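Structure data (CSV, N, CA and C atoms) from run-v1.csv:
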chain,number,residue,atom,x,y,z
S,21,MET,N,106.8,112.3,114.2
S,21,MET,CA,106.3,113.5,113.5
S,21,MET,C,105.2,113.1,112.5
S,22,ILE,N,104.2,113.8,112.5
S,22,ILE,CA,103.0,113.5,111.6
S,22,ILE,C,102.8,114.8,110.8
S,23,THR,N,102.7,114.6,109.4
S,23,THR,CA,102.5,115.8,108.6
S,23,THR,C,101.7,115.4,107.4
S,24,PHE,N,101.2,116.3,106.7
S,24,PHE,CA,100.5,116.1,105.4
S,24,PHE,C,101.1,116.8,104.3
S,25,LEU,N,101.1,116.3,103.1
S,25,LEU,CA,101.7,116.9,101.9
S,25,LEU,C,100.9,116.5,100.7
S,26,LEU,N,101.0,117.3,99.7
S,26,LEU,CA,100.4,117.0,98.4
S,26,LEU,C,101.2,116.0,97.7
S,27,ALA,N,100.6,115.0,97.1
S,27,ALA,CA,101.3,113.9,96.3
S,27,ALA,C,101.9,114.5,95.1
S,28,HIS,N,101.1,115.4,94.4
S,28,HIS,CA,101.6,116.1,93.2
S,28,HIS,C,101.3,117.6,93.2
S,29,PRO,N,102.1,118.3,93.9
S,29,PRO,CA,101.8,119.8,94.0
S,29,PRO,C,101.8,120.5,92.7
S,30,GLU,N,102.5,120.0,91.7
S,30,GLU,CA,102.6,120.6,90.4
S,30,GLU,C,101.3,120.5,89.6
S,31,ARG,N,100.4,119.6,89.9
S,31,ARG,CA,99.1,119.4,89.2
S,31,ARG,C,98.1,120.4,89.7
S,32,ASP,N,97.0,120.6,89.0
S,32,ASP,CA,95.9,121.4,89.4
S,32,ASP,C,95.2,120.8,90.7
S,33,THR,N,95.0,119.5,90.7
S,33,THR,CA,94.4,118.8,91.8
S,33,THR,C,95.3,117.7,92.2
S,34,SER,N,95.5,117.5,93.5
S,34,SER,CA,96.4,116.5,94.0
S,34,SER,C,95.8,115.8,95.2
S,35,ALA,N,96.2,114.6,95.4
S,35,ALA,CA,95.8,113.8,96.5
S,35,ALA,C,96.7,114.3,97.7
S,36,ILE,N,96.1,114.1,98.9
S,36,ILE,CA,96.8,114.5,100.1
S,36,ILE,C,97.4,113.2,100.8
S,37,ASN,N,98.7,113.2,101.0
S,37,ASN,CA,99.3,112.1,101.7
S,37,ASN,C,99.6,112.4,103.1
S,38,ILE,N,99.6,111.4,103.9
S,38,ILE,CA,100.0,111.5,105.3
S,38,ILE,C,101.4,110.9,105.4
S,39,LEU,N,102.3,111.6,106.1
S,39,LEU,CA,103.7,111.2,106.3
S,39,LEU,C,103.9,111.1,107.8
S,40,VAL,N,104.3,109.9,108.3
S,40,VAL,CA,104.6,109.6,109.7
S,40,VAL,C,106.0,109.2,109.8
S,41,SER,N,106.8,109.9,110.7
S,41,SER,CA,108.2,109.4,111.0
S,41,SER,C,108.1,108.8,112.4
S,42,PHE,N,108.6,107.6,112.4
S,42,PHE,CA,108.6,106.8,113.7
S,42,PHE,C,109.9,106.0,113.8
S,43,ARG,N,110.7,106.3,114.8
S,43,ARG,CA,112.0,105.5,115.0
S,43,ARG,C,112.8,105.5,113.8
S,44,GLY,N,113.0,106.6,113.1
S,44,GLY,CA,113.9,106.7,111.9
S,44,GLY,C,113.3,106.1,110.6
S,45,LYS,N,112.1,105.7,110.7
S,45,LYS,CA,111.5,105.1,109.5
S,45,LYS,C,110.3,106.0,109.1
S,46,LYS,N,110.1,106.2,107.8
S,46,LYS,CA,109.0,107.1,107.3
S,46,LYS,C,107.9,106.2,106.6
S,47,TYR,N,106.7,106.5,107.0
S,47,TYR,CA,105.5,105.8,106.5
S,47,TYR,C,104.7,106.8,105.8
S,48,ARG,N,104.4,106.6,104.5
S,48,ARG,CA,103.7,107.5,103.7
S,48,ARG,C,102.6,106.8,102.9
S,49,ARG,N,101.4,107.5,102.9
S,49,ARG,CA,100.3,106.9,102.2
S,49,ARG,C,99.3,107.9,101.9
S,50,SER,N,98.4,107.7,100.9
S,50,SER,CA,97.4,108.6,100.6
S,50,SER,C,96.2,108.6,101.6
S,51,THR,N,95.7,109.7,101.9
S,51,THR,CA,94.5,109.8,102.8
S,51,THR,C,93.2,109.6,102.0
S,52,LYS,N,93.3,109.5,100.7
S,52,LYS,CA,92.2,109.4,99.8
S,52,LYS,C,91.4,110.7,99.7
S,53,GLU,N,92.0,111.7,100.2
S,53,GLU,CA,91.4,113.1,100.0
S,53,GLU,C,92.2,113.8,98.9
S,54,SER,N,91.5,114.6,98.2
S,54,SER,CA,92.2,115.4,97.2
S,54,SER,C,91.7,116.8,97.2
S,55,ILE,N,92.5,117.7,96.7
S,55,ILE,CA,92.3,119.2,96.9
S,55,ILE,C,92.9,119.9,95.7
S,56,PRO,N,92.3,121.0,95.2
S,56,PRO,CA,92.9,121.8,94.2
S,56,PRO,C,94.2,122.4,94.9
S,57,ALA,N,95.3,122.3,94.2
S,57,ALA,CA,96.6,122.7,94.8
S,57,ALA,C,96.6,124.2,95.2
S,58,LYS,N,95.9,125.0,94.6
S,58,LYS,CA,95.9,126.4,94.9
S,58,LYS,C,95.2,126.7,96.3
S,59,TYR,N,94.5,125.7,96.8
S,59,TYR,CA,93.8,125.9,98.1
S,59,TYR,C,94.6,125.1,99.2
S,60,TRP,N,95.8,124.7,99.0
S,60,TRP,CA,96.6,124.0,100.0
S,60,TRP,C,97.5,125.1,100.7
S,61,ASN,N,97.5,125.1,102.0
S,61,ASN,CA,98.4,126.0,102.7
S,61,ASN,C,99.6,125.2,103.1
S,62,GLN,N,100.7,125.5,102.4
S,62,GLN,CA,101.9,124.7,102.6
S,62,GLN,C,102.5,124.9,104.0
S,63,SER,N,102.4,126.0,104.6
S,63,SER,CA,103.0,126.2,106.0
S,63,SER,C,102.2,125.5,107.1
S,64,LYS,N,100.8,125.5,106.9
S,64,LYS,CA,100.0,124.9,107.9
S,64,LYS,C,99.7,123.5,107.6
S,65,ARG,N,100.0,123.0,106.4
S,65,ARG,CA,99.7,121.7,105.9
S,65,ARG,C,98.2,121.3,106.1
S,66,ARG,N,97.4,122.3,105.7
S,66,ARG,CA,96.0,122.1,105.7
S,66,ARG,C,95.3,122.8,104.5
S,67,ALA,N,94.1,122.6,104.3
S,67,ALA,CA,93.3,123.3,103.3
S,67,ALA,C,93.1,124.7,103.7
S,68,LYS,N,93.1,125.7,102.7
S,68,LYS,CA,92.8,127.1,103.0
S,68,LYS,C,91.3,127.2,102.9
S,69,ALA,N,90.8,127.8,104.0
S,69,ALA,CA,89.3,128.1,104.0
S,69,ALA,C,89.1,129.4,103.4
S,70,THR,N,88.4,129.4,102.2
S,70,THR,CA,88.1,130.7,101.5
S,70,THR,C,86.6,130.6,101.1
S,71,ARG,N,86.2,131.7,100.6
S,71,ARG,CA,84.8,131.8,100.2
S,71,ARG,C,84.6,130.9,98.9
S,72,ASP,N,85.6,130.8,98.1
S,72,ASP,CA,85.5,130.0,96.9
S,72,ASP,C,85.7,128.5,97.1
S,73,PHE,N,86.3,128.1,98.3
S,73,PHE,CA,86.5,126.7,98.6
S,73,PHE,C,85.9,126.4,99.9
S,74,THR,N,84.6,125.9,99.8
S,74,THR,CA,83.8,125.7,101.0
S,74,THR,C,84.1,124.3,101.6
S,75,LEU,N,84.8,123.4,100.9
S,75,LEU,CA,85.1,122.1,101.4
S,75,LEU,C,86.3,122.0,102.3
S,76,ALA,N,87.0,123.1,102.5
S,76,ALA,CA,88.2,123.2,103.4
S,76,ALA,C,87.9,122.6,104.8
S,77,ALA,N,86.8,123.0,105.4
S,77,ALA,CA,86.6,122.6,106.8
S,77,ALA,C,86.4,121.1,106.8
S,78,ASP,N,85.7,120.5,105.9
S,78,ASP,CA,85.5,119.1,105.8
S,78,ASP,C,86.8,118.3,105.6
S,79,ILE,N,87.6,118.8,104.7
S,79,ILE,CA,88.9,118.2,104.5
S,79,ILE,C,89.8,118.3,105.7
S,80,ASN,N,89.9,119.5,106.3
S,80,ASN,CA,90.7,119.6,107.5
S,80,ASN,C,90.2,118.8,108.7
S,81,GLU,N,88.9,118.6,108.8
S,81,GLU,CA,88.4,117.7,109.8
S,81,GLU,C,88.8,116.2,109.6
S,82,THR,N,88.8,115.8,108.3
S,82,THR,CA,89.3,114.5,108.0
S,82,THR,C,90.8,114.3,108.3
S,83,LEU,N,91.6,115.3,107.9
S,83,LEU,CA,93.0,115.3,108.2
S,83,LEU,C,93.3,115.3,109.7
S,84,ASP,N,92.4,116.0,110.5
S,84,ASP,CA,92.6,115.9,112.0
S,84,ASP,C,92.3,114.5,112.5
S,85,LYS,N,91.3,113.8,111.9
S,85,LYS,CA,91.1,112.4,112.2
S,85,LYS,C,92.2,111.5,111.9
S,86,TRP,N,92.8,111.7,110.7
S,86,TRP,CA,94.0,110.9,110.3
S,86,TRP,C,95.2,111.2,111.3
S,87,GLU,N,95.3,112.4,111.7
S,87,GLU,CA,96.4,112.8,112.6
S,87,GLU,C,96.2,112.1,114.0
S,88,MET,N,95.0,112.1,114.5
S,88,MET,CA,94.7,111.5,115.8
S,88,MET,C,94.9,110.0,115.7
S,89,ALA,N,94.5,109.4,114.6
S,89,ALA,CA,94.7,107.9,114.4
S,89,ALA,C,96.2,107.6,114.3
S,90,ALA,N,97.0,108.5,113.7
S,90,ALA,CA,98.5,108.3,113.6
S,90,ALA,C,99.1,108.4,115.0
S,91,MET,N,98.7,109.4,115.8
S,91,MET,CA,99.2,109.5,117.1
S,91,MET,C,98.9,108.3,118.0
S,92,LYS,N,97.7,107.8,117.9
S,92,LYS,CA,97.4,106.6,118.6
S,92,LYS,C,98.2,105.4,118.2
S,93,THR,N,98.4,105.3,116.9
S,93,THR,CA,99.2,104.2,116.3
S,93,THR,C,100.7,104.3,116.9
S,94,VAL,N,101.2,105.5,116.8
S,94,VAL,CA,102.6,105.7,117.3
S,94,VAL,C,102.7,105.4,118.8
S,95,ALA,N,101.7,105.8,119.6
S,95,ALA,CA,101.7,105.5,121.0
S,95,ALA,C,101.6,104.0,121.2
S,96,ASP,N,100.8,103.3,120.4
S,96,ASP,CA,100.6,101.9,120.6
S,96,ASP,C,101.9,101.1,120.2
S,97,LEU,N,102.7,101.7,119.4
S,97,LEU,CA,103.9,101.0,118.9
S,97,LEU,C,105.2,101.4,119.6
S,98,LYS,N,105.1,102.3,120.6
S,98,LYS,CA,106.2,102.8,121.4
S,98,LYS,C,107.0,101.6,122.0
S,99,GLU,N,106.4,100.6,122.4
S,99,GLU,CA,107.1,99.4,123.1
S,99,GLU,C,107.9,98.6,122.2
S,100,TYR,N,107.7,98.7,120.9
S,100,TYR,CA,108.5,98.0,119.9
S,100,TYR,C,109.9,98.5,119.9
S,101,HIS,N,110.9,97.6,119.8
S,101,HIS,CA,112.3,98.0,119.8
S,101,HIS,C,112.7,98.3,118.4
S,102,THR,N,112.1,97.7,117.4
S,102,THR,CA,112.4,98.0,116.0
S,102,THR,C,111.1,98.5,115.3
S,103,PRO,N,111.3,99.4,114.3
S,103,PRO,CA,110.1,99.9,113.6
S,103,PRO,C,109.3,98.8,113.0
S,104,PRO,N,108.0,98.9,113.0
S,104,PRO,CA,107.2,97.9,112.3
S,104,PRO,C,107.2,98.0,110.8
S,105,SER,N,106.8,97.0,110.1
S,105,SER,CA,106.7,97.0,108.7
S,105,SER,C,105.6,98.0,108.3
S,106,SER,N,105.7,98.5,107.0
S,106,SER,CA,104.7,99.4,106.6
S,106,SER,C,103.3,98.8,106.6
S,107,ALA,N,103.2,97.5,106.3
S,107,ALA,CA,101.9,96.8,106.3
S,107,ALA,C,101.3,96.8,107.7
S,108,GLU,N,102.2,96.5,108.7
S,108,GLU,CA,101.7,96.4,110.1
S,108,GLU,C,101.3,97.8,110.6
S,109,PHE,N,102.1,98.8,110.2
S,109,PHE,CA,101.9,100.2,110.7
S,109,PHE,C,100.5,100.6,110.1
S,110,PHE,N,100.3,100.4,108.8
S,110,PHE,CA,99.0,100.9,108.2
S,110,PHE,C,97.8,100.1,108.6
S,111,THR,N,98.0,98.8,109.0
S,111,THR,CA,96.9,98.0,109.5
S,111,THR,C,96.4,98.6,110.8
S,112,ARG,N,97.4,99.0,111.7
S,112,ARG,CA,97.0,99.6,112.9
S,112,ARG,C,96.4,101.0,112.7
S,113,LEU,N,97.0,101.7,111.8
S,113,LEU,CA,96.5,103.1,111.5
S,113,LEU,C,95.0,103.0,111.0
S,114,ASP,N,94.7,102.1,110.1
S,114,ASP,CA,93.4,101.9,109.6
S,114,ASP,C,92.4,101.5,110.7
S,115,THR,N,92.9,100.7,111.7
S,115,THR,CA,92.0,100.3,112.8
S,115,THR,C,91.6,101.5,113.6
S,116,TYR,N,92.6,102.4,113.9
S,116,TYR,CA,92.2,103.6,114.7
S,116,TYR,C,91.5,104.7,113.9
S,117,PHE,N,91.7,104.7,112.6
S,117,PHE,CA,90.9,105.7,111.8
S,117,PHE,C,89.5,105.2,111.6
Show me this structure written as structure tokens.
Amino acid sequence: MITFLLAHPERDTSAINILVSFRGKKYRRSTKESIPAKYWNQSKRRAKATRDFTLAADINETLDKWEMAAMKTVADLKEYHTPPSSAEFFTRLDTYF
């Protein structure tokens, strides 16, 4: 499972983290994107596109790229019998991103 969440939803602006669950292990890291918390759609896990927030499309496009890279990483690691270390997982994720 791949999802996105705010690192600090209680703050005015927060970094967006990617969370990947693979074989019972969770891998979490910042996407290096940030967003005003009021423009985050919690149910869709994406930025809200509004007239006041024109960067939503760019942020959502970047999140889509992260999601595709994570899916390729998970597919690449399916043959492993044990979950990889966080370092190995994110090295492969960075390669695909």
Members of chain S assigned strand (DSSP E or B) by DSSP, as a PyMOL selection string: chain S and resi 22-26+33-42+45-56+60-61+66-67
Option closest in space to Lys68 (chain S), from S:Lys92, S:Ser41, S:Leu97, S:Asn80 [counting all atoms listed in the file]: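 Counting all atoms listed in the file, the residue closest to Lys68 (chain S) is S:Asn80.
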Length of the atom N of Phe42 (chain S) to CA of Ala67 (chain S) vector [Å]: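 Calculated distance between atom N of Phe42 (chain S) and CA of Ala67 (chain S) is 23.7 Å.
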For Phe109 (chain S), the nearest of the candidates S:Tyr59, S:Tyr47, S:Phe73, S:Trp86, counting only N, CA and C atoms: S:Tyr47
Top pick for closest residue to Ser34 (chain S), considering S:Ala107, S:Ala89, S:Ala69, S:Ala57 and counting all atoms listed in the file: S:Ala57
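One finds CA of Ser63 (chain S) at 13.7 Å from CA of Pro29 (chain S).
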